[in-house]
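See structure below.
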Amino acid sequence: MKEKIYVIFTMDCERIKKFSPPGGPETWKLSERAIEGFAEVISAKNLVATFFIVPETAHRHRDLFLALKREGFELGMHLHPQSLGDLRYKDYLGGYSLEKQIEILKEATNIWAEALGETPKSFRPGNFSANDSTFKALYTVGFRQGSVSAPEREMPEFKAVWRGTYPYAHHVHPDFRLIPGELDFYEVPITVDWDRRTWQGKSAMELRVEMGGSKDHFSTIKKRILDMKGKKIPVKTLVAITHNYFDYKSKRERQRKTLEKMTNYLWRCADELNFQLCPITLSHLHQIVDEEERGE
């Protein structure tokens, strides 16, 4: 039986730049085209994705997101405190205490749930910003899985310091440390190539569509599959990321071309390395892992 590689494509869906100090798409129309075009490419390649959506964008594109949910896509929450509500928060999530993170997360969750009619259970922070209290805050508010960490990222200006953290999918430790444990919160880090650095050395090369070209991503994909095979990592995952900044509807858009090449290569590489490629959402992966651990 072939070993499985679980593949999760993700898109961080930001508020437009006018209302998002950390950055966002220029217009709501571009945001809509980005989301629709990304979903079209993913579906055409027999894949699926998790959308991480900031609360205001959940409201703006409510009908679109609910339609995508019906097609099998997952809707999770994304959060930059600086772009929330009336823009009164000025720091990244990892810049706040446990109590303040819980307060901010509850506020954001209520707005998000009002838009989409359910409470989000999957989460990613803006700029992968977090501190030692973040997993406890997320668990307290009700989140049960996330793609919170960016292995080997070292950006203190974003409160995102991940050098040396565990880079594979795992249940978080009961004391909320980012090491394997038994807490009912499943963390699936973004996929990176820690042998290559970007952003003036502050980040590993990420499996981020807009970061580098298709050959960069081919290298990351193959290297990480072989790495997980060699280390006998029990749950092997690849997590790719992009944003709603790019016109994925346009076949001339560079990021769309890169995404198409990445998706084609994933199927080809898995076959060449004798792995079974399993497209999946974050919450579905958590469900499968829990069922396997219970022997169901």
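Naming scheme: A, B, ... for chains in displayed order of the structure tokens; residues 1 onward per chain; ligands 1 onward as shown.
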How close does each residue of stretch 74-139 of chain A get to stretch 38-61 of chain A, giving the shortest atom pair and distance in Å to one decimal for every residue with an atom at most 7 Å away, counting only C-alpha atoms, sorted by chain and residue number, as JSON lines?
```
{"residue": "A:Glu74", "atom": "CA", "partner": "A:Thr50", "partner_atom": "CA", "distance": 4.5}
{"residue": "A:Leu75", "atom": "CA", "partner": "A:Phe51", "partner_atom": "CA", "distance": 5.1}
{"residue": "A:Gly76", "atom": "CA", "partner": "A:Phe52", "partner_atom": "CA", "distance": 4.6}
{"residue": "A:Met77", "atom": "CA", "partner": "A:Phe52", "partner_atom": "CA", "distance": 4.8}
{"residue": "A:His78", "atom": "CA", "partner": "A:Val54", "partner_atom": "CA", "distance": 4.6}
{"residue": "A:Leu79", "atom": "CA", "partner": "A:Val54", "partner_atom": "CA", "distance": 5.4}
{"residue": "A:Ala108", "atom": "CA", "partner": "A:Pro55", "partner_atom": "CA", "distance": 6.2}
{"residue": "A:Ile111", "atom": "CA", "partner": "A:Pro55", "partner_atom": "CA", "distance": 5.7}
{"residue": "A:Trp112", "atom": "CA", "partner": "A:Pro55", "partner_atom": "CA", "distance": 4.4}
{"residue": "A:Ala115", "atom": "CA", "partner": "A:His59", "partner_atom": "CA", "distance": 4.9}
{"residue": "A:Leu116", "atom": "CA", "partner": "A:Ala58", "partner_atom": "CA", "distance": 6.8}
{"residue": "A:Phe123", "atom": "CA", "partner": "A:Phe52", "partner_atom": "CA", "distance": 6.8}
{"residue": "A:Arg124", "atom": "CA", "partner": "A:Phe52", "partner_atom": "CA", "distance": 6.6}
```
Take the residues from that selection and write them out as a compact mmCIF listing (two decimals), in the first residue's frame, keeping N, CA and C atoms.
```txt
# COMPACT_ATOMS: atom_id res chain seq x y z
N GLU A 74 -13.23 24.41 2.61
CA GLU A 74 -13.39 24.72 4.03
C GLU A 74 -13.25 26.22 4.27
N LEU A 75 -14.05 26.73 5.21
CA LEU A 75 -13.99 28.13 5.60
C LEU A 75 -13.43 28.22 7.02
N GLY A 76 -12.24 28.82 7.14
CA GLY A 76 -11.62 29.05 8.44
C GLY A 76 -11.42 30.54 8.64
N MET A 77 -10.94 30.91 9.81
CA MET A 77 -10.76 32.32 10.12
C MET A 77 -9.31 32.75 10.06
N HIS A 78 -9.10 33.93 9.51
CA HIS A 78 -7.80 34.60 9.46
C HIS A 78 -7.93 35.87 10.28
N LEU A 79 -6.84 36.33 10.88
CA LEU A 79 -6.96 37.52 11.70
C LEU A 79 -5.68 38.33 11.75
N ALA A 108 -13.57 38.87 16.92
CA ALA A 108 -13.45 38.51 15.51
C ALA A 108 -14.34 37.32 15.16
N ILE A 111 -18.01 38.29 14.69
CA ILE A 111 -18.26 38.96 13.41
C ILE A 111 -18.25 37.95 12.27
N TRP A 112 -17.28 37.06 12.30
CA TRP A 112 -17.14 36.02 11.27
C TRP A 112 -18.38 35.11 11.25
N ALA A 115 -21.51 36.49 9.77
CA ALA A 115 -21.50 36.50 8.31
C ALA A 115 -21.82 35.14 7.72
N LEU A 116 -21.22 34.08 8.25
CA LEU A 116 -21.25 32.79 7.59
C LEU A 116 -22.12 31.75 8.29
N PHE A 123 -7.95 28.02 12.03
CA PHE A 123 -7.42 29.38 12.22
C PHE A 123 -5.99 29.51 11.67
N ARG A 124 -5.74 30.72 11.15
CA ARG A 124 -4.37 31.13 10.82
C ARG A 124 -4.21 32.60 11.18
```
Dump as JSON lines the rows for residues of stretch 118-193 of chain A within 10 Å of stretch 12-33 of chain A: closest atom pair and distance in Å with one decimal, only C-alpha atoms counted, ordered by chain and rising residue number.
```
{"residue": "A:Arg124", "atom": "CA", "partner": "A:Asp12", "partner_atom": "CA", "distance": 8.2}
{"residue": "A:Pro125", "atom": "CA", "partner": "A:Asp12", "partner_atom": "CA", "distance": 9.4}
{"residue": "A:Gly126", "atom": "CA", "partner": "A:Pro22", "partner_atom": "CA", "distance": 8.4}
{"residue": "A:Asn127", "atom": "CA", "partner": "A:Pro22", "partner_atom": "CA", "distance": 8.7}
{"residue": "A:Phe158", "atom": "CA", "partner": "A:Pro22", "partner_atom": "CA", "distance": 9.9}
```
Keeping only all heavy atoms, write the selected residues to a file as a PDB file, in the first residue's frame.
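Printed below is again_24.pdb as written:
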```pdb
ATOM      1  N   ARG A 124      -5.742  30.716  11.145  1.00  0.00           N
ATOM      2  CA  ARG A 124      -4.366  31.125  10.822  1.00  0.00           C
ATOM      3  C   ARG A 124      -4.210  32.601  11.180  1.00  0.00           C
ATOM      4  O   ARG A 124      -5.019  33.430  10.756  1.00  0.00           O
ATOM      5  CB  ARG A 124      -4.040  30.920   9.347  1.00  0.00           C
ATOM      6  CG  ARG A 124      -2.649  31.499   8.957  1.00  0.00           C
ATOM      7  CD  ARG A 124      -2.320  31.284   7.489  1.00  0.00           C
ATOM      8  NE  ARG A 124      -1.936  29.917   7.242  1.00  0.00           N
ATOM      9  CZ  ARG A 124      -2.082  29.297   6.067  1.00  0.00           C
ATOM     10  NH1 ARG A 124      -2.653  29.947   5.054  1.00  0.00           N
ATOM     11  NH2 ARG A 124      -1.696  28.044   5.908  1.00  0.00           N
ATOM     12  N   PRO A 125      -3.164  32.964  11.928  1.00  0.00           N
ATOM     13  CA  PRO A 125      -2.951  34.377  12.247  1.00  0.00           C
ATOM     14  C   PRO A 125      -2.257  35.111  11.116  1.00  0.00           C
ATOM     15  O   PRO A 125      -1.472  34.520  10.360  1.00  0.00           O
ATOM     16  CB  PRO A 125      -2.041  34.306  13.481  1.00  0.00           C
ATOM     17  CG  PRO A 125      -1.261  33.040  13.294  1.00  0.00           C
ATOM     18  CD  PRO A 125      -2.182  32.088  12.575  1.00  0.00           C
ATOM     19  N   GLY A 126      -2.541  36.397  10.999  1.00  0.00           N
ATOM     20  CA  GLY A 126      -1.843  37.224  10.021  1.00  0.00           C
ATOM     21  C   GLY A 126      -0.351  37.249  10.293  1.00  0.00           C
ATOM     22  O   GLY A 126       0.082  37.384  11.440  1.00  0.00           O
ATOM     23  N   ASN A 127       0.427  37.087   9.234  1.00  0.00           N
ATOM     24  CA  ASN A 127       1.887  37.060   9.316  1.00  0.00           C
ATOM     25  C   ASN A 127       2.404  35.949  10.226  1.00  0.00           C
ATOM     26  O   ASN A 127       3.538  36.004  10.697  1.00  0.00           O
ATOM     27  CB  ASN A 127       2.440  38.416   9.781  1.00  0.00           C
ATOM     28  CG  ASN A 127       2.296  39.486   8.719  1.00  0.00           C
ATOM     29  OD1 ASN A 127       1.294  40.189   8.682  1.00  0.00           O
ATOM     30  ND2 ASN A 127       3.277  39.606   7.830  1.00  0.00           N
ATOM     31  N   PHE A 158       6.984  41.223  13.421  1.00  0.00           N
ATOM     32  CA  PHE A 158       5.627  40.707  13.281  1.00  0.00           C
ATOM     33  C   PHE A 158       5.217  39.850  14.482  1.00  0.00           C
ATOM     34  O   PHE A 158       4.146  39.257  14.476  1.00  0.00           O
ATOM     35  CB  PHE A 158       5.495  39.851  12.019  1.00  0.00           C
ATOM     36  CG  PHE A 158       5.714  40.584  10.728  1.00  0.00           C
ATOM     37  CD1 PHE A 158       6.184  39.905   9.607  1.00  0.00           C
ATOM     38  CD2 PHE A 158       5.461  41.938  10.620  1.00  0.00           C
ATOM     39  CE1 PHE A 158       6.385  40.567   8.393  1.00  0.00           C
ATOM     40  CE2 PHE A 158       5.660  42.614   9.417  1.00  0.00           C
ATOM     41  CZ  PHE A 158       6.125  41.927   8.307  1.00  0.00           C
TER      42      PHE A 158
END
```
Which residues of stretch 102-172 of chain A come within 12 Å of stretch 187-211 of chain A, and for each one, what is the closest pair of atoms and their distance in Å to one decimal, counting only C-alpha atoms, sorted by chain and residue number, as a tab-separated table?
```
residue	atom	partner	partner_atom	distance
A:Ser122	CA	A:Glu187	CA	9.6
A:Phe123	CA	A:Glu187	CA	9.6
A:Arg124	CA	A:Pro189	CA	9.9
A:Pro125	CA	A:Pro189	CA	11.9
A:Asn127	CA	A:Ser203	CA	11.3
A:Phe128	CA	A:Ile190	CA	9.5
A:Phe135	CA	A:Glu187	CA	9.5
A:Leu138	CA	A:Glu187	CA	11.4
A:Tyr139	CA	A:Glu187	CA	11.6
A:Phe143	CA	A:Glu187	CA	10.8
A:Arg144	CA	A:Glu187	CA	8.7
A:Gln145	CA	A:Glu187	CA	5.7
A:Gly146	CA	A:Glu187	CA	5.0
A:Ser147	CA	A:Val188	CA	4.9
A:Val148	CA	A:Pro189	CA	6.4
A:Ser149	CA	A:Pro189	CA	5.0
A:Ala150	CA	A:Ile190	CA	5.5
A:Pro151	CA	A:Val192	CA	6.9
A:Glu152	CA	A:Ala204	CA	5.9
A:Arg153	CA	A:Ser203	CA	4.3
A:Glu154	CA	A:Lys202	CA	5.1
A:Met155	CA	A:Lys202	CA	6.0
A:Pro156	CA	A:Lys202	CA	9.3
A:Glu157	CA	A:Lys202	CA	10.5
A:Phe158	CA	A:Lys202	CA	11.0
A:Ala160	CA	A:Ser203	CA	10.1
A:Val161	CA	A:Lys202	CA	9.4
A:Trp162	CA	A:Ser203	CA	9.4
A:Arg163	CA	A:Ser203	CA	9.2
A:Gly164	CA	A:Trp194	CA	10.3
A:Thr165	CA	A:Pro189	CA	9.8
A:Tyr166	CA	A:Pro189	CA	8.6
A:Pro167	CA	A:Pro189	CA	6.1
A:Tyr168	CA	A:Pro189	CA	6.3
A:Ala169	CA	A:Val188	CA	4.3
A:His170	CA	A:Glu187	CA	5.5
A:His171	CA	A:Glu187	CA	6.1
A:Val172	CA	A:Glu187	CA	6.6
```
Exercise. If you run DSSP on this backbone, which residues of stretch 55-109 of chain A come out as alpha helix (DSSP H), and could you give them as a ChimeraX atom specification?
Worked result: /A:55-60,62-70,98-109
For the residues in the current selection, export N, CA and C atoms as a compact mmCIF listing (two decimals), in the first residue's frame.
```
# COMPACT_ATOMS: atom_id res chain seq x y z
N PRO A 55 -12.77 38.56 9.21
CA PRO A 55 -14.22 38.73 9.41
C PRO A 55 -14.90 39.65 8.41
N GLU A 56 -14.31 40.79 8.10
CA GLU A 56 -14.97 41.73 7.19
C GLU A 56 -15.07 41.17 5.77
N THR A 57 -14.09 40.39 5.37
CA THR A 57 -14.14 39.76 4.04
C THR A 57 -15.18 38.65 4.02
N ALA A 58 -15.37 37.99 5.16
CA ALA A 58 -16.45 37.00 5.26
C ALA A 58 -17.80 37.65 4.98
N HIS A 59 -18.00 38.86 5.48
CA HIS A 59 -19.25 39.58 5.22
C HIS A 59 -19.34 40.01 3.75
N ARG A 60 -18.26 40.56 3.24
CA ARG A 60 -18.27 41.11 1.88
C ARG A 60 -18.54 40.04 0.83
N ARG A 62 -19.85 36.90 1.39
CA ARG A 62 -20.62 35.86 2.07
C ARG A 62 -21.18 34.82 1.09
N ASP A 63 -21.89 35.24 0.08
CA ASP A 63 -22.53 34.29 -0.83
C ASP A 63 -21.50 33.44 -1.57
N LEU A 64 -20.41 34.05 -1.96
CA LEU A 64 -19.35 33.32 -2.66
C LEU A 64 -18.77 32.24 -1.75
N PHE A 65 -18.46 32.60 -0.51
CA PHE A 65 -17.86 31.61 0.40
C PHE A 65 -18.84 30.48 0.71
N LEU A 66 -20.10 30.79 0.89
CA LEU A 66 -21.07 29.74 1.19
C LEU A 66 -21.24 28.80 -0.01
N ALA A 67 -21.14 29.36 -1.21
CA ALA A 67 -21.20 28.51 -2.41
C ALA A 67 -19.98 27.59 -2.47
N LEU A 68 -18.81 28.12 -2.13
CA LEU A 68 -17.60 27.31 -2.14
C LEU A 68 -17.65 26.22 -1.07
N LYS A 69 -18.24 26.54 0.06
CA LYS A 69 -18.40 25.53 1.11
C LYS A 69 -19.24 24.36 0.60
N ARG A 70 -20.29 24.67 -0.14
CA ARG A 70 -21.15 23.61 -0.69
C ARG A 70 -20.38 22.74 -1.69
N LEU A 98 -2.40 36.82 26.91
CA LEU A 98 -3.40 35.77 26.78
C LEU A 98 -4.80 36.36 26.86
N GLU A 99 -5.05 37.17 27.88
CA GLU A 99 -6.39 37.71 28.08
C GLU A 99 -6.82 38.59 26.91
N LYS A 100 -5.89 39.41 26.39
CA LYS A 100 -6.23 40.30 25.28
C LYS A 100 -6.43 39.51 23.99
N GLN A 101 -5.62 38.46 23.78
CA GLN A 101 -5.82 37.62 22.60
C GLN A 101 -7.20 36.97 22.63
N ILE A 102 -7.61 36.47 23.78
CA ILE A 102 -8.93 35.86 23.89
C ILE A 102 -10.02 36.88 23.57
N GLU A 103 -9.87 38.08 24.09
CA GLU A 103 -10.84 39.14 23.83
C GLU A 103 -10.93 39.46 22.34
N ILE A 104 -9.78 39.61 21.69
CA ILE A 104 -9.75 39.95 20.26
C ILE A 104 -10.31 38.80 19.43
N LEU A 105 -9.92 37.57 19.76
CA LEU A 105 -10.38 36.41 19.02
C LEU A 105 -11.90 36.24 19.15
N LYS A 106 -12.44 36.47 20.33
CA LYS A 106 -13.89 36.37 20.51
C LYS A 106 -14.62 37.42 19.68
N GLU A 107 -14.09 38.63 19.69
CA GLU A 107 -14.71 39.70 18.90
C GLU A 107 -14.71 39.33 17.41
N ALA A 108 -13.57 38.87 16.92
CA ALA A 108 -13.45 38.51 15.51
C ALA A 108 -14.34 37.32 15.16
N THR A 109 -14.37 36.33 16.04
CA THR A 109 -15.17 35.13 15.80
C THR A 109 -16.66 35.47 15.71
```
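Across the structure, atom CA of A:Ser83 and atom CA of A:Met11 are spaced 17.1 Å apart.
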For this session: Run DSSP on the backbone of this structure and report the residues of stretch 53-202 of chain A it assigns to strand (DSSP E), as number ranges by chain.
Result: A: 53, 74-79, 122-125, 145-146, 154-155, 160-161, 170-171, 186-187, 192-198
For this session: Take atom CA of A:Leu259 and atom CA of A:Gln287 and report the distance between them in Å, one decimal.
Result: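 Those two atoms sit 27.0 Å apart.
Closest to A:Lys215 among A:Phe275, A:Tyr6, A:Tyr265, A:Phe185 is A:Tyr265, based on only C-alpha atoms.
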